[in-house]
Structures are given as C-alpha cells and as structure tokens.
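query.txt, holding compact mmCIF, C-alpha atoms and all ligand atoms:
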# COMPACT_ATOMS: atom_id res chain seq x y z
CA MET T 1 9.24 28.24 11.84
CA ARG T 2 5.53 29.04 11.80
CA ALA T 3 2.95 27.29 9.53
CA ASP T 4 -0.77 26.65 9.43
CA VAL T 5 -0.18 22.91 9.18
CA VAL T 6 2.87 20.69 9.74
CA ILE T 7 2.89 17.28 8.08
CA VAL T 8 5.24 14.77 9.68
CA GLY T 9 6.33 12.34 6.95
CA GLY T 10 6.71 12.80 3.21
CA GLY T 11 5.37 9.52 1.83
CA PRO T 12 2.49 9.39 -0.66
CA ALA T 13 0.00 10.23 2.12
CA GLY T 14 1.79 13.30 3.47
CA LEU T 15 2.82 14.65 0.08
CA ILE T 16 -0.64 14.41 -1.51
CA CYS T 17 -2.08 16.06 1.60
CA GLY T 18 0.59 18.78 1.44
CA GLU T 19 -0.07 19.47 -2.22
CA HIS T 20 -3.83 19.88 -1.65
CA LEU T 21 -3.31 22.16 1.35
CA ALA T 22 -0.74 24.34 -0.38
CA LYS T 23 -2.99 24.62 -3.42
CA ALA T 24 -5.79 25.88 -1.15
CA GLY T 25 -3.45 28.62 0.07
CA LEU T 26 -2.53 27.25 3.52
CA ARG T 27 1.03 27.63 4.77
CA VAL T 28 2.19 24.03 4.92
CA VAL T 29 5.46 22.42 5.97
CA VAL T 30 6.23 18.76 5.27
CA THR T 31 9.15 17.28 7.20
CA ASP T 32 10.79 14.00 6.32
CA LYS T 33 13.58 12.31 8.22
CA ARG T 34 15.20 11.35 4.92
CA GLU T 35 17.15 13.77 2.72
CA THR T 36 14.86 12.78 -0.13
CA PRO T 37 11.30 12.26 1.14
CA ASN T 38 10.36 8.57 1.18
CA ARG T 39 13.78 7.58 -0.20
CA GLU T 40 14.12 3.82 -0.79
CA LYS T 41 10.92 2.97 1.07
CA PRO T 42 10.76 -0.86 0.83
CA CYS T 43 7.81 -1.53 -1.46
CA GLY T 44 6.69 -3.66 -4.40
CA GLY T 45 5.98 -0.37 -6.14
CA MET T 46 2.72 -1.43 -7.81
CA LEU T 47 0.59 1.68 -8.24
CA THR T 48 -2.86 0.78 -9.48
CA GLU T 49 -4.49 2.74 -12.28
CA ARG T 50 -7.12 4.21 -9.96
CA ALA T 51 -4.30 5.97 -8.09
CA VAL T 52 -2.48 6.95 -11.31
CA LYS T 53 -5.64 8.52 -12.74
CA LYS T 54 -7.11 10.11 -9.64
CA PHE T 55 -3.82 11.68 -8.54
CA ARG T 56 -2.54 12.43 -12.06
CA ILE T 57 0.74 10.56 -11.55
CA SER T 58 3.21 11.21 -14.36
CA LEU T 59 4.49 8.36 -16.51
CA ASP T 60 7.99 9.68 -15.74
CA VAL T 61 7.98 7.70 -12.47
CA ALA T 62 6.91 4.45 -14.16
CA GLU T 63 9.47 1.68 -14.23
CA ARG T 64 7.02 -0.47 -16.16
CA GLU T 65 3.44 -0.01 -17.30
CA LEU T 66 1.11 -2.91 -16.46
CA TYR T 67 -1.49 -4.57 -18.64
CA GLY T 68 -2.12 -7.80 -16.79
CA VAL T 69 -1.35 -10.25 -14.01
CA ALA T 70 -0.10 -13.81 -13.77
CA VAL T 71 -1.37 -15.73 -10.75
CA SER T 72 -0.38 -19.13 -9.43
CA VAL T 73 -2.32 -20.80 -6.64
CA GLY T 74 -0.53 -24.01 -5.60
CA ASP T 75 0.03 -25.85 -8.88
CA LYS T 76 -2.68 -23.98 -10.82
CA GLN T 77 -1.77 -20.95 -12.89
CA PHE T 78 -3.58 -18.38 -14.95
CA ASN T 79 -2.96 -15.07 -16.70
CA VAL T 80 -5.42 -12.25 -17.15
CA ASP T 81 -4.60 -9.53 -19.68
CA TYR T 82 -6.42 -6.26 -20.21
CA HIS T 83 -6.82 -4.05 -23.26
CA GLU T 84 -5.98 -1.00 -21.22
CA ARG T 85 -3.33 -0.14 -18.67
CA VAL T 86 -4.12 -1.33 -15.14
CA GLY T 87 -1.32 0.43 -13.29
CA MET T 88 2.41 0.87 -13.22
CA ASN T 89 5.38 -0.28 -11.19
CA VAL T 90 7.15 2.74 -9.76
CA ASP T 91 10.45 3.47 -8.10
CA ARG T 92 9.57 4.84 -4.66
CA THR T 93 12.50 7.27 -4.52
CA LYS T 94 11.45 8.77 -7.86
CA LEU T 95 7.83 8.91 -6.74
CA GLY T 96 8.85 10.71 -3.52
CA LEU T 97 10.91 13.28 -5.46
CA TYR T 98 8.13 13.82 -7.95
CA LEU T 99 5.38 14.30 -5.33
CA ALA T 100 7.64 16.61 -3.29
CA GLU T 101 8.16 18.79 -6.37
CA ARG T 102 4.40 19.03 -6.74
CA VAL T 103 4.07 20.25 -3.15
CA GLU T 104 6.78 22.85 -3.73
CA GLY T 105 5.17 23.82 -7.03
CA GLU T 106 2.07 24.84 -5.07
CA GLY T 107 4.09 26.88 -2.58
CA GLY T 108 4.46 24.27 0.20
CA VAL T 109 7.76 23.88 2.07
CA ILE T 110 9.59 20.55 2.36
CA VAL T 111 12.12 20.26 5.17
CA ARG T 112 14.45 17.41 4.26
CA GLY T 113 16.41 15.34 6.77
CA GLU T 114 14.19 16.53 9.62
CA LYS T 115 13.05 13.83 12.04
CA VAL T 116 10.30 15.06 14.33
CA ASN T 117 10.73 13.49 17.78
CA GLU T 118 8.09 15.24 19.80
CA VAL T 119 4.70 16.86 19.18
CA LEU T 120 3.17 18.99 21.92
CA PHE T 121 -0.42 20.21 22.03
CA SER T 122 -1.65 23.30 23.86
CA SER T 123 -4.77 25.45 23.78
CA GLN T 124 -2.93 27.84 21.41
CA GLY T 125 -1.89 25.22 18.88
CA VAL T 126 0.73 22.57 18.24
CA SER T 127 4.52 22.56 18.30
CA CYS T 128 6.66 19.92 16.61
CA HIS T 129 10.27 19.38 17.56
CA GLY T 130 13.18 17.77 15.80
CA ASN T 131 16.40 19.58 14.89
CA GLY T 132 14.22 22.64 14.48
CA SER T 133 10.90 23.69 16.04
CA TYR T 134 7.69 24.29 14.15
CA GLU T 135 4.62 26.08 15.49
CA CYS T 136 1.32 25.36 13.78
CA ASP T 137 -2.45 25.19 14.18
CA ALA T 138 -2.75 21.51 13.29
CA VAL T 139 -0.46 18.53 12.73
CA VAL T 140 -0.77 15.66 10.28
CA PHE T 141 0.87 12.36 11.15
CA ALA T 142 1.89 10.75 7.85
CA ASP T 143 4.95 9.08 9.30
CA GLY T 144 4.21 5.48 8.46
CA VAL T 145 3.47 2.36 10.41
CA PHE T 146 5.34 3.27 13.62
CA SER T 147 3.77 6.71 13.86
CA LEU T 148 4.54 9.26 16.55
CA SER T 149 0.78 9.69 16.95
CA ARG T 150 0.64 6.40 18.87
CA ARG T 151 3.67 6.86 21.08
CA SER T 152 2.31 9.11 23.80
CA SER T 153 -0.62 6.76 24.49
CA GLY T 154 1.67 3.72 24.68
CA TRP T 155 -0.50 1.93 22.09
CA LYS T 156 1.25 -0.95 20.30
CA TRP T 157 0.48 -3.02 17.21
CA ARG T 158 -0.57 -6.64 17.82
CA ARG T 159 1.24 -9.28 15.76
CA ASP T 160 -1.99 -10.20 14.01
CA GLN T 161 -2.37 -6.60 12.80
CA LEU T 162 0.93 -6.43 10.93
CA GLY T 163 2.27 -7.99 7.77
CA LEU T 164 5.95 -8.84 7.61
CA CYS T 165 7.54 -8.46 4.16
CA VAL T 166 10.93 -9.52 2.85
CA GLN T 167 12.13 -8.84 -0.66
CA TYR T 168 15.09 -8.94 -3.02
CA ILE T 169 15.79 -6.42 -5.73
CA ILE T 170 17.27 -8.55 -8.52
CA GLU T 171 19.05 -7.11 -11.52
CA VAL T 172 18.06 -8.77 -14.79
CA SER T 173 18.57 -7.54 -18.34
CA GLU T 174 15.70 -5.52 -19.81
CA GLY T 175 15.45 -7.98 -22.71
CA ASN T 176 14.98 -10.93 -20.35
CA ILE T 177 12.37 -9.06 -18.33
CA ASP T 178 10.46 -8.16 -21.50
CA MET T 179 10.56 -11.78 -22.64
CA LEU T 180 9.80 -13.56 -19.33
CA PHE T 181 7.54 -11.07 -17.53
CA GLY T 182 6.36 -8.58 -20.14
CA ASP T 183 3.86 -6.14 -18.77
CA ARG T 184 2.40 -8.42 -16.08
CA ASN T 185 2.87 -8.55 -12.32
CA PHE T 186 3.23 -12.08 -10.91
CA PHE T 187 1.48 -13.31 -7.73
CA TYR T 188 2.08 -16.67 -6.00
CA TYR T 189 -0.20 -18.23 -3.36
CA GLY T 190 -0.01 -21.45 -1.35
CA SER T 191 1.39 -22.73 1.93
CA GLU T 192 4.78 -23.43 0.33
CA VAL T 193 5.15 -19.82 -0.70
CA SER T 194 4.05 -18.01 2.47
CA PRO T 195 2.69 -19.09 5.89
CA PHE T 196 -0.28 -16.69 5.54
CA GLY T 197 0.13 -14.27 2.67
CA TYR T 198 1.58 -14.37 -0.81
CA ALA T 199 4.71 -13.85 -2.88
CA TRP T 200 5.23 -11.44 -5.75
CA ILE T 201 7.48 -10.63 -8.65
CA PHE T 202 6.98 -7.10 -9.94
CA PRO T 203 9.13 -6.27 -12.98
CA ARG T 204 10.73 -2.86 -13.37
CA ARG T 205 12.81 -1.64 -16.31
CA ASN T 206 15.93 -3.74 -15.64
CA SER T 207 15.28 -5.21 -12.22
CA LEU T 208 12.69 -7.32 -10.43
CA VAL T 209 11.19 -6.91 -6.99
CA VAL T 210 10.81 -10.44 -5.64
CA GLY T 211 9.12 -10.62 -2.26
CA VAL T 212 7.16 -12.62 0.28
CA GLY T 213 4.63 -11.22 2.75
CA ALA T 214 2.84 -12.90 5.64
CA LEU T 215 0.76 -12.03 8.65
CA LEU T 216 3.36 -11.55 11.41
CA SER T 217 1.49 -13.71 13.93
CA LYS T 218 1.71 -16.70 11.54
CA VAL T 219 5.45 -16.46 10.93
CA LYS T 220 7.13 -19.31 12.83
CA VAL T 221 10.41 -19.63 10.89
CA PRO T 222 12.36 -16.76 9.31
CA LEU T 223 10.35 -15.45 6.36
CA LYS T 224 13.60 -15.11 4.41
CA ASN T 225 13.66 -18.94 4.23
CA TYR T 226 10.46 -18.75 2.19
CA LEU T 227 11.95 -16.05 -0.03
CA ASP T 228 15.12 -18.07 -0.63
CA HIS T 229 13.06 -21.14 -1.41
CA LEU T 230 11.00 -19.10 -3.87
CA VAL T 231 14.07 -17.75 -5.63
CA ARG T 232 16.16 -20.94 -5.60
CA GLY T 233 13.65 -23.77 -5.49
CA HIS T 234 10.23 -22.78 -6.85
CA PRO T 235 9.75 -24.59 -10.18
CA LEU T 236 8.01 -21.61 -11.81
CA VAL T 237 10.24 -18.90 -10.40
CA LYS T 238 13.76 -20.35 -10.44
CA PRO T 239 14.10 -20.59 -14.25
CA LYS T 240 12.81 -17.03 -14.66
CA LEU T 241 15.55 -15.64 -12.42
CA LYS T 242 18.46 -17.43 -14.10
CA GLY T 243 21.44 -15.07 -14.55
CA GLY T 244 19.90 -12.48 -12.20
CA ARG T 245 22.04 -10.70 -9.61
CA ILE T 246 20.71 -9.85 -6.16
CA LEU T 247 21.32 -6.16 -5.54
CA LYS T 248 19.57 -5.69 -2.25
CA PHE T 249 17.61 -7.41 0.52
CA GLU T 250 14.88 -5.45 2.29
CA THR T 251 12.53 -6.14 5.14
CA ALA T 252 9.64 -4.03 6.43
CA VAL T 253 6.21 -4.27 8.02
CA VAL T 254 2.88 -3.08 6.74
CA PRO T 255 -0.37 -2.58 8.69
CA LEU T 256 -3.03 -5.20 8.00
CA SER T 257 -5.51 -4.07 10.62
CA GLY T 258 -8.16 -2.12 8.79
CA LEU T 259 -8.55 1.50 9.87
CA LEU T 260 -7.41 2.04 13.44
CA LYS T 261 -9.92 3.14 16.06
CA THR T 262 -8.39 6.53 16.79
CA ILE T 263 -7.18 8.37 13.71
CA CYS T 264 -7.88 12.00 14.58
CA GLY T 265 -8.31 14.44 17.44
CA GLU T 266 -8.93 18.12 17.99
CA ARG T 267 -5.84 19.36 16.18
CA TRP T 268 -4.43 16.26 14.57
CA ILE T 269 -5.14 13.58 11.99
CA ALA T 270 -3.27 10.42 10.92
CA LEU T 271 -2.94 9.35 7.28
CA GLY T 272 -1.93 6.27 5.30
CA ASP T 273 -0.03 3.55 7.18
CA ALA T 274 -0.25 5.64 10.36
CA ALA T 275 -4.04 5.20 10.19
CA GLY T 276 -3.96 1.52 9.11
CA ALA T 277 -5.10 2.36 5.56
CA VAL T 278 -3.85 -0.72 3.67
CA SER T 279 -5.81 -3.51 2.01
CA ALA T 280 -5.32 -6.68 4.06
CA ILE T 281 -5.83 -8.97 1.07
CA THR T 282 -3.67 -7.29 -1.58
CA GLY T 283 -1.31 -5.22 0.58
CA GLU T 284 -2.10 -2.18 -1.57
CA GLY T 285 -1.25 0.89 0.48
CA MET T 286 -0.23 3.72 -1.84
CA TYR T 287 -3.72 4.34 -3.24
CA PHE T 288 -5.27 4.37 0.25
CA ALA T 289 -2.44 6.59 1.53
CA MET T 290 -3.11 9.12 -1.24
CA GLU T 291 -6.87 8.94 -0.67
CA SER T 292 -6.42 9.56 3.04
CA GLY T 293 -4.13 12.49 2.16
CA ARG T 294 -6.81 13.99 -0.05
CA MET T 295 -9.57 13.50 2.54
CA GLY T 296 -7.33 14.78 5.32
CA ALA T 297 -6.61 17.94 3.34
CA GLU T 298 -10.30 18.49 2.61
CA THR T 299 -11.12 18.23 6.32
CA ILE T 300 -8.29 20.55 7.30
CA ILE T 301 -9.38 23.17 4.76
CA GLU T 302 -12.92 23.08 6.22
CA SER T 303 -11.56 23.22 9.77
CA TYR T 304 -9.26 26.12 8.92
CA GLU T 305 -12.32 28.11 7.94
CA GLU T 306 -14.26 26.95 11.05
CA GLU T 307 -11.72 27.82 13.77
CA TRP T 308 -10.39 24.25 13.84
CA ASN T 309 -13.50 22.77 15.36
CA CYS T 310 -14.31 20.01 12.88
CA MET T 311 -11.11 17.96 12.56
CA THR T 312 -12.87 14.85 13.83
CA LYS T 313 -14.99 14.85 10.64
CA TYR T 314 -11.91 13.29 9.04
CA GLY T 315 -12.51 10.02 10.89
CA GLU T 316 -16.12 9.83 9.70
CA ARG T 317 -15.10 10.71 6.15
CA LEU T 318 -12.31 8.14 5.96
CA ARG T 319 -14.48 5.38 7.44
CA ARG T 320 -17.32 6.20 5.05
CA GLU T 321 -15.15 6.29 1.93
CA ILE T 322 -12.54 3.57 2.48
CA GLY T 323 -13.24 1.99 5.90
CA GLY T 324 -15.75 -0.52 4.52
CA GLU T 325 -13.39 -1.67 1.77
CA LEU T 326 -10.59 -2.22 4.28
CA LYS T 327 -12.91 -4.17 6.61
CA TRP T 328 -14.02 -6.43 3.75
CA SER T 329 -10.37 -6.95 2.81
CA LEU T 330 -9.73 -8.49 6.25
CA TRP T 331 -12.71 -10.79 5.92
CA LEU T 332 -11.78 -11.89 2.40
CA ARG T 333 -8.14 -12.46 3.35
CA ASP T 334 -9.08 -14.77 6.20
CA LEU T 335 -11.53 -16.67 4.00
CA PHE T 336 -9.07 -17.02 1.13
CA LEU T 337 -5.87 -17.86 3.00
CA LYS T 338 -7.29 -19.96 5.84
CA ARG T 339 -6.90 -23.29 4.12
CA ARG T 340 -3.40 -24.01 2.78
CA GLY T 341 -2.78 -20.41 1.82
CA GLY T 342 -5.55 -20.35 -0.78
CA GLU T 343 -4.66 -23.67 -2.46
CA SER T 344 -8.10 -25.08 -1.70
CA LEU T 345 -9.70 -22.46 -3.94
CA ASP T 346 -10.58 -23.85 -7.35
CA VAL T 347 -9.51 -21.14 -9.77
CA THR T 348 -10.35 -22.98 -12.97
CA SER T 349 -13.37 -20.78 -13.69
CA LYS T 350 -12.62 -17.85 -16.02
CA LEU T 351 -15.04 -15.69 -14.04
CA LEU T 352 -13.20 -16.36 -10.79
CA GLN T 353 -9.83 -15.73 -12.46
CA ARG T 354 -11.08 -12.39 -13.70
CA LEU T 355 -12.44 -11.47 -10.26
CA VAL T 356 -9.15 -12.34 -8.52
CA SER T 357 -7.27 -10.32 -11.08
CA ASP T 358 -9.65 -7.33 -10.89
CA LEU T 359 -9.13 -7.33 -7.13
CA LEU T 360 -5.34 -7.44 -7.42
CA VAL T 361 -5.22 -4.51 -9.84
CA GLY T 362 -7.78 -2.50 -7.87
CA ARG T 363 -10.44 -2.46 -10.62
CA LYS T 364 -12.98 -3.94 -8.21
CA GLY T 365 -13.30 -3.65 -4.46
CA CYS T 366 -13.61 -6.60 -2.08
CA ARG T 367 -17.37 -6.21 -1.56
CA ARG T 368 -18.08 -6.26 -5.27
CA VAL T 369 -15.82 -9.27 -5.81
CA ILE T 370 -17.59 -11.16 -3.01
CA LEU T 371 -21.04 -10.34 -4.44
CA GLU T 372 -20.04 -11.34 -7.98
CA ALA T 373 -18.39 -14.58 -6.79
CA LEU T 374 -21.36 -15.67 -4.66
CA PRO T 375 -23.49 -17.18 -7.46
CA LEU T 376 -20.48 -19.17 -8.67
CA VAL T 377 -19.70 -20.51 -5.21
CA ALA T 378 -23.39 -21.39 -4.68
CA LEU T 379 -23.56 -23.21 -8.03
CA ARG T 380 -20.49 -25.26 -7.16
CA ARG T 381 -22.00 -26.24 -3.81
CA VAL T 382 -25.26 -27.35 -5.49
CA ARG T 383 -23.32 -29.38 -8.07
CA ALA T 384 -21.27 -31.02 -5.31
CA VAL T 385 -24.46 -32.00 -3.45
CA LEU T 386 -26.10 -33.41 -6.61
CA ARG T 387 -23.04 -35.45 -7.53
C1 LIG A 1 7.62 -4.69 1.28
C2 LIG A 1 6.39 -3.88 1.01
C3 LIG A 1 5.82 -3.94 -0.25
C4 LIG A 1 4.71 -3.11 -0.54
N1 LIG A 1 4.21 -3.13 -1.82
C5 LIG A 1 3.20 -2.29 -2.15
C6 LIG A 1 2.77 -2.19 -3.51
O1 LIG A 1 3.29 -2.85 -4.42
N2 LIG A 1 1.76 -1.32 -3.79
C7 LIG A 1 1.17 -0.53 -2.82
O2 LIG A 1 0.27 0.24 -3.14
N3 LIG A 1 1.58 -0.61 -1.53
C8 LIG A 1 2.58 -1.45 -1.18
N4 LIG A 1 3.04 -1.48 0.12
C9 LIG A 1 2.42 -0.59 1.12
C10 LIG A 1 2.90 0.86 0.91
O3 LIG A 1 4.31 0.90 0.76
C11 LIG A 1 2.50 1.75 2.08
O4 LIG A 1 1.17 1.47 2.45
C12 LIG A 1 2.64 3.24 1.74
O5 LIG A 1 3.97 3.57 1.47
C13 LIG A 1 2.10 4.10 2.87
O6 LIG A 1 2.36 5.44 2.61
P1 LIG A 1 2.52 6.50 3.80
O7 LIG A 1 2.75 7.79 3.15
O8 LIG A 1 1.39 6.33 4.75
O9 LIG A 1 3.81 6.03 4.62
P2 LIG A 1 5.32 5.82 4.17
O10 LIG A 1 5.42 5.57 2.72
O11 LIG A 1 5.88 4.81 5.10
O12 LIG A 1 6.00 7.23 4.45
C14 LIG A 1 6.27 7.69 5.74
C15 LIG A 1 7.35 8.76 5.64
O13 LIG A 1 7.52 9.34 6.93
C16 LIG A 1 8.88 9.56 7.17
N5 LIG A 1 9.03 9.58 8.63
C17 LIG A 1 8.81 8.58 9.51
N6 LIG A 1 8.95 8.99 10.77
C18 LIG A 1 9.27 10.30 10.71
C19 LIG A 1 9.53 11.29 11.69
N7 LIG A 1 9.51 11.02 13.00
N8 LIG A 1 9.83 12.55 11.27
C20 LIG A 1 9.87 12.85 9.95
N9 LIG A 1 9.63 11.94 8.98
C21 LIG A 1 9.33 10.69 9.35
C22 LIG A 1 9.59 8.41 6.47
O14 LIG A 1 10.92 8.76 6.12
C23 LIG A 1 8.71 8.21 5.23
O15 LIG A 1 9.18 8.94 4.12
C24 LIG A 1 4.14 -2.29 0.46
C25 LIG A 1 4.70 -2.27 1.74
C26 LIG A 1 5.82 -3.04 2.02
C27 LIG A 1 6.44 -2.96 3.39
What's the structure tokens form of this structure?
Amino acid sequence: MRADVVIVGGGPAGLICGEHLAKAGLRVVVTDKRETPNREKPCGGMLTERAVKKFRISLDVAERELYGVAVSVGDKQFNVDYHERVGMNVDRTKLGLYLAERVEGEGGVIVRGEKVNEVLFSSQGVSCHGNGSYECDAVVFADGVFSLSRRSSGWKWRRDQLGLCVQYIIEVSEGNIDMLFGDRNFFYYGSEVSPFGYAWIFPRRNSLVVGVGALLSKVKVPLKNYLDHLVRGHPLVKPKLKGGRILKFETAVVPLSGLLKTICGERWIALGDAAGAVSAITGEGMYFAMESGRMGAETIIESYEEEWNCMTKYGERLRREIGGELKWSLWLRDLFLKRRGGESLDVTSKLLQRLVSDLLVGRKGCRRVILEALPLVALRRVRAVLR
C-alpha cells in the first residue's frame, strides 16, 4: 500500500494527527495492532475540558461529566466544585472508535489489527512492515511508551523516567456512584497511599476506576499491595466501595520524563507517550497526546509542501508549546511529593486548594500555579519566623 504518511499507532495522538492530515488532503494510513484502535488502553480516562473543547470531543464518549474534585492529602481533605464542566471521564475503547471514525470521515484509512514490526528509511522514503507493507514519504510514531522509534538506537527508559500504574475497574450501581462520588474525581496523596505518586478514583456511569501510580524507581514492594490497602483498608475509600465487584485488574506504565531529547528526524516524528508528552505531576497524557498530534500534523503539512525538508521544526514547535509545561511538572512533582508523599503540605488555605484543583483539572499550568502559590508560601514563612 502506498500513502503520503503512515501513522503507527491509533491512540489519541495518532488519530488526531491522522484526522488533521486527511482533512488537509494527504493520503494517510493509521495502523493499530488492535482490532479496535486503542482498545482497552489502561487509563483513568479523565479527559480535561481543554482537550474536550480544543478537539471537539463528543459527549457520546463521556461516561461521566465532571464538575469538581475531591482531594485528600494524608488526613486532610477538601472538595473544590466549579460552576462549569471541567472535563469528562471517558471509556478509552469508545474514544478510540470515535476518533477512528473521524479519521475515516476525512478520507483517512485505518488498518486494524496491523502491528508494524519494522520501519526502514531510504533516500526515496520510508517503508513500514507488519503483516502488510506500506510505502510512504514520512512516518509518525504514535505507538505509545515502548515505541518502535527507540528500538533501532537501543535507547531504553530509566526507572526514574517511568510511572508504574495499577488499577481495578470496580462495578458499582449507578445510584451509589451518584450518591457517593457525584460528578467529582477523587485524588489521594500521602506515603500510605503511594511510595511516590498518588491514588485515584474516577467514577464512570456504573463503574469506578480505582488506581495507584508511582515513580517506578521508588517502588520497592509490589504496587498492588498499595492498591489493595486502598480498597480494603483506607478509612475514606473502603466504605465507598462497599458492595462493589472487581471486574478487572490492569497494570501499565506511563512516561514521566518530560519531552524526550530526540523526537523527530528527517522523515519521522514521535507523538504522545512515544515523545514523553505526559504531565509528571498529574499523569495527564491524553491532552498532550492530542496536542502533539495536532502540531505533528501541522509540521507534516508544511513539510509536504516543502519537499520534506522541515520535519525537525516539529521538535522546536512541541518544545515551545508544551515542553516548558512538562518540565515544570517534573519540578513541581519532586517538590510536592518529596516529603511523605505531599503530606507535609498544609492545604488548609482555600487559595491553595483551588490551585491544586485547577492544576488537576488542567485549568492552570504548573508555572502559573507556582507563581500564584509563591506569595502564600512566602507569607507562611514570614509568619513562622515571627512566631
Ligand atoms: C493507568 C493509567 C492511567 C492513566 N490515566 C490518565 C487519565 O486519567 N487522563 C489522561 O489524560 N491520561 C492518563 N494516562 C496517560 C494516557 O493514557 C496516555 O498518555 C495516552 O493514552 C497517550 O496516548 P498515545 O496516543 O500517545 O498512546 P497510546 O494511547 O498508548 O496509543 C498507542 C497505540 O499504538 C498501538 N500500537 C503500539 N505499538 C504498535 C505497533 N508496533 N504497531 C501498530 N500499533 C501499535 C497501540 O495498540 C495503541 O492503540 C494514564 C496512563 C495509565 C497507564
């Protein structure tokens, strides 16, 4: 098969990129190793409103619309509610189907159940090989954390660049979810909950995603022990899960590295998880994956018109638009989680509660949160000295 561009991987990054390219009139093929692109990708499923709005995501994929968050840090708890929607919890299989339909609606081709094993570059172009062979001018690696783009160089993730996640999907009646969780996502911090990370409960229509994430290098005992303790022993969580039935256990890793050093070359670019585009403090990846897909497509469209000689502009573009935010997310994570998983942070101030919440729902970036929190932190220091 011949195309202008082949996209390896049909997650949010690859599918948004494919839609933009097809819309611009390029012949695009997206291959995914799954029969349904992105089927059952392990994920909390929280899609922030910035992604919903910017990428016009239909409410049809929403399992629950979100209007607030509930946060507990050690033994302190707070809720922040908003007057407007701040995001939605989605089912990843439904999201994959929906985004794939959008690609096809623009004339792009999706090849389902096609795992690409090898990508070869020559002066004429690129060829991708799986069950079939695909000739193209440029290739997009949107194949997730263990991307093919890294394999030929022998590059490997370090343990301090990856987050390990474990989660249960728990069936609970819709009535109980409405009563106990409503339209909030729940976040739990503290050394009891995760060795260096946080735990979450994200409600869907009639199930809950209950998970724990931690920086892989800090995990010394099986992370599932933390998850089981959360579900069976945490005083705030246990009563909320009464009568629930565990449907599924999932485990997966997520990049927490900031943007990787090499994310493009003469005829290739890497998107989403394959480029390290995930917030290290919140774990939000879908928005950054979609953004990288959009920017990747814009660069490819320019390159297509310029004889493929400006693909490396993608790296500059991505670093300029989201690289800073991802760098700050690493800094803020280390600052926040360093001491007892965040328990040392005094979250009694309403301003701080609002800032934490704005960060979690993607209404404010890390840099803005740091700047707005600075006066508060300084005031507390002065008060402590005067006391
Ligand atoms: C447990 C967990 C919870 C998370 N929770 C959230 C959350 O609540 N909100 C959020 O925004 N982010 C969350 N994330 C992060 C988010 O899931 C990812 O950042 C996001 O899915 C990245 O999108 P992507 O398109 O880059 O890659 P992926 O979604 O991983 O998609 C890659 C696709 O490539 C396909 N593929 C892989 N290799 C090949 C190959 N060789 N050939 C063909 N196809 C291939 C796969 O089948 C897959 O469909 C979570 C991550 C984890 C692990």
Inset, instruction - Record the distance separating CA of Asp358 (chain T) and CA of Ser72 (chain T), expressed in Å with one decimal. - result: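 Spanning CA of Asp358 (chain T) to CA of Ser72 (chain T) is a straight-line distance of 15.1 Å.
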Legend entry - All residues 7 Å or closer to region 244-254 of chain T, all atoms listed in the file, same chain fewer than 3 positions away omitted, as a ChimeraX atom specification: /T:42,145,162-172,241
Output for the residues just chosen: C-alpha atoms as a PDB file, in the coordinates of the input:
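Final output, selection_14.pdb:
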ATOM      1  CA  PRO T  42      10.760  -0.860   0.830  1.00  0.00           C
ATOM      2  CA  VAL T 145       3.470   2.360  10.410  1.00  0.00           C
ATOM      3  CA  LEU T 162       0.930  -6.430  10.930  1.00  0.00           C
ATOM      4  CA  GLY T 163       2.270  -7.990   7.770  1.00  0.00           C
ATOM      5  CA  LEU T 164       5.950  -8.840   7.610  1.00  0.00           C
ATOM      6  CA  CYS T 165       7.540  -8.460   4.160  1.00  0.00           C
ATOM      7  CA  VAL T 166      10.930  -9.520   2.850  1.00  0.00           C
ATOM      8  CA  GLN T 167      12.130  -8.840  -0.660  1.00  0.00           C
ATOM      9  CA  TYR T 168      15.090  -8.940  -3.020  1.00  0.00           C
ATOM     10  CA  ILE T 169      15.790  -6.420  -5.730  1.00  0.00           C
ATOM     11  CA  ILE T 170      17.270  -8.550  -8.520  1.00  0.00           C
ATOM     12  CA  GLU T 171      19.050  -7.110 -11.520  1.00  0.00           C
ATOM     13  CA  VAL T 172      18.060  -8.770 -14.790  1.00  0.00           C
ATOM     14  CA  LEU T 241      15.550 -15.640 -12.420  1.00  0.00           C
TER      15      LEU T 241
END
Inset, instruction - Please give me, as a VMD selection string, the residues lying within 7 Å of ligand LIG 1 (chain A) when counting only C-alpha atoms and all ligand atoms. - result: chain T and resid 8 to 14 31 to 34 37 to 39 41 to 47 114 to 117 142 to 145 147 to 148 165 to 167 251 to 254 271 to 274 278 283 to 287 289
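CA of Lys76 (chain T) lies 7.5 Å from CA of Val347 (chain T).
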Inset, instruction - Using CA of Arg205 (chain T) and CA of Arg64 (chain T) as the two end points, give the distance in Å to one decimal. - result: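 Between CA of Arg205 (chain T) and CA of Arg64 (chain T) the gap works out to 5.9 Å.
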Inset, instruction - Within 10 Å of Ala62 (chain T), counting all atoms listed in the file, which residues show up once you throw out same-chain ones fewer than 2 positions away? Write them as a count of residues only, please. - result: 20
Inset, instruction - Write out as a PyMOL selection string each polymer residue whose atoms come within 9 Å of Asp160 (chain T), counting all atoms listed in the file; drop sequence neighbours fewer than 4 positions from it. - result: chain T and resi 215-218+256-257
Inset, instruction - Tell me, as a list of chain:residue names, which residues lie within 10 Å of Arg102 (chain T), counting all atoms listed in the file; anything in the same chain fewer than 3 positions away does not count. - result: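 Listed by chain and then number, they are T:Leu15, T:Ile16, T:Gly18, T:Glu19, T:His20, T:Ala22, T:Lys23, T:Gly96, T:Leu97, T:Tyr98, T:Leu99, T:Gly105, T:Glu106, T:Gly107, T:Gly108.
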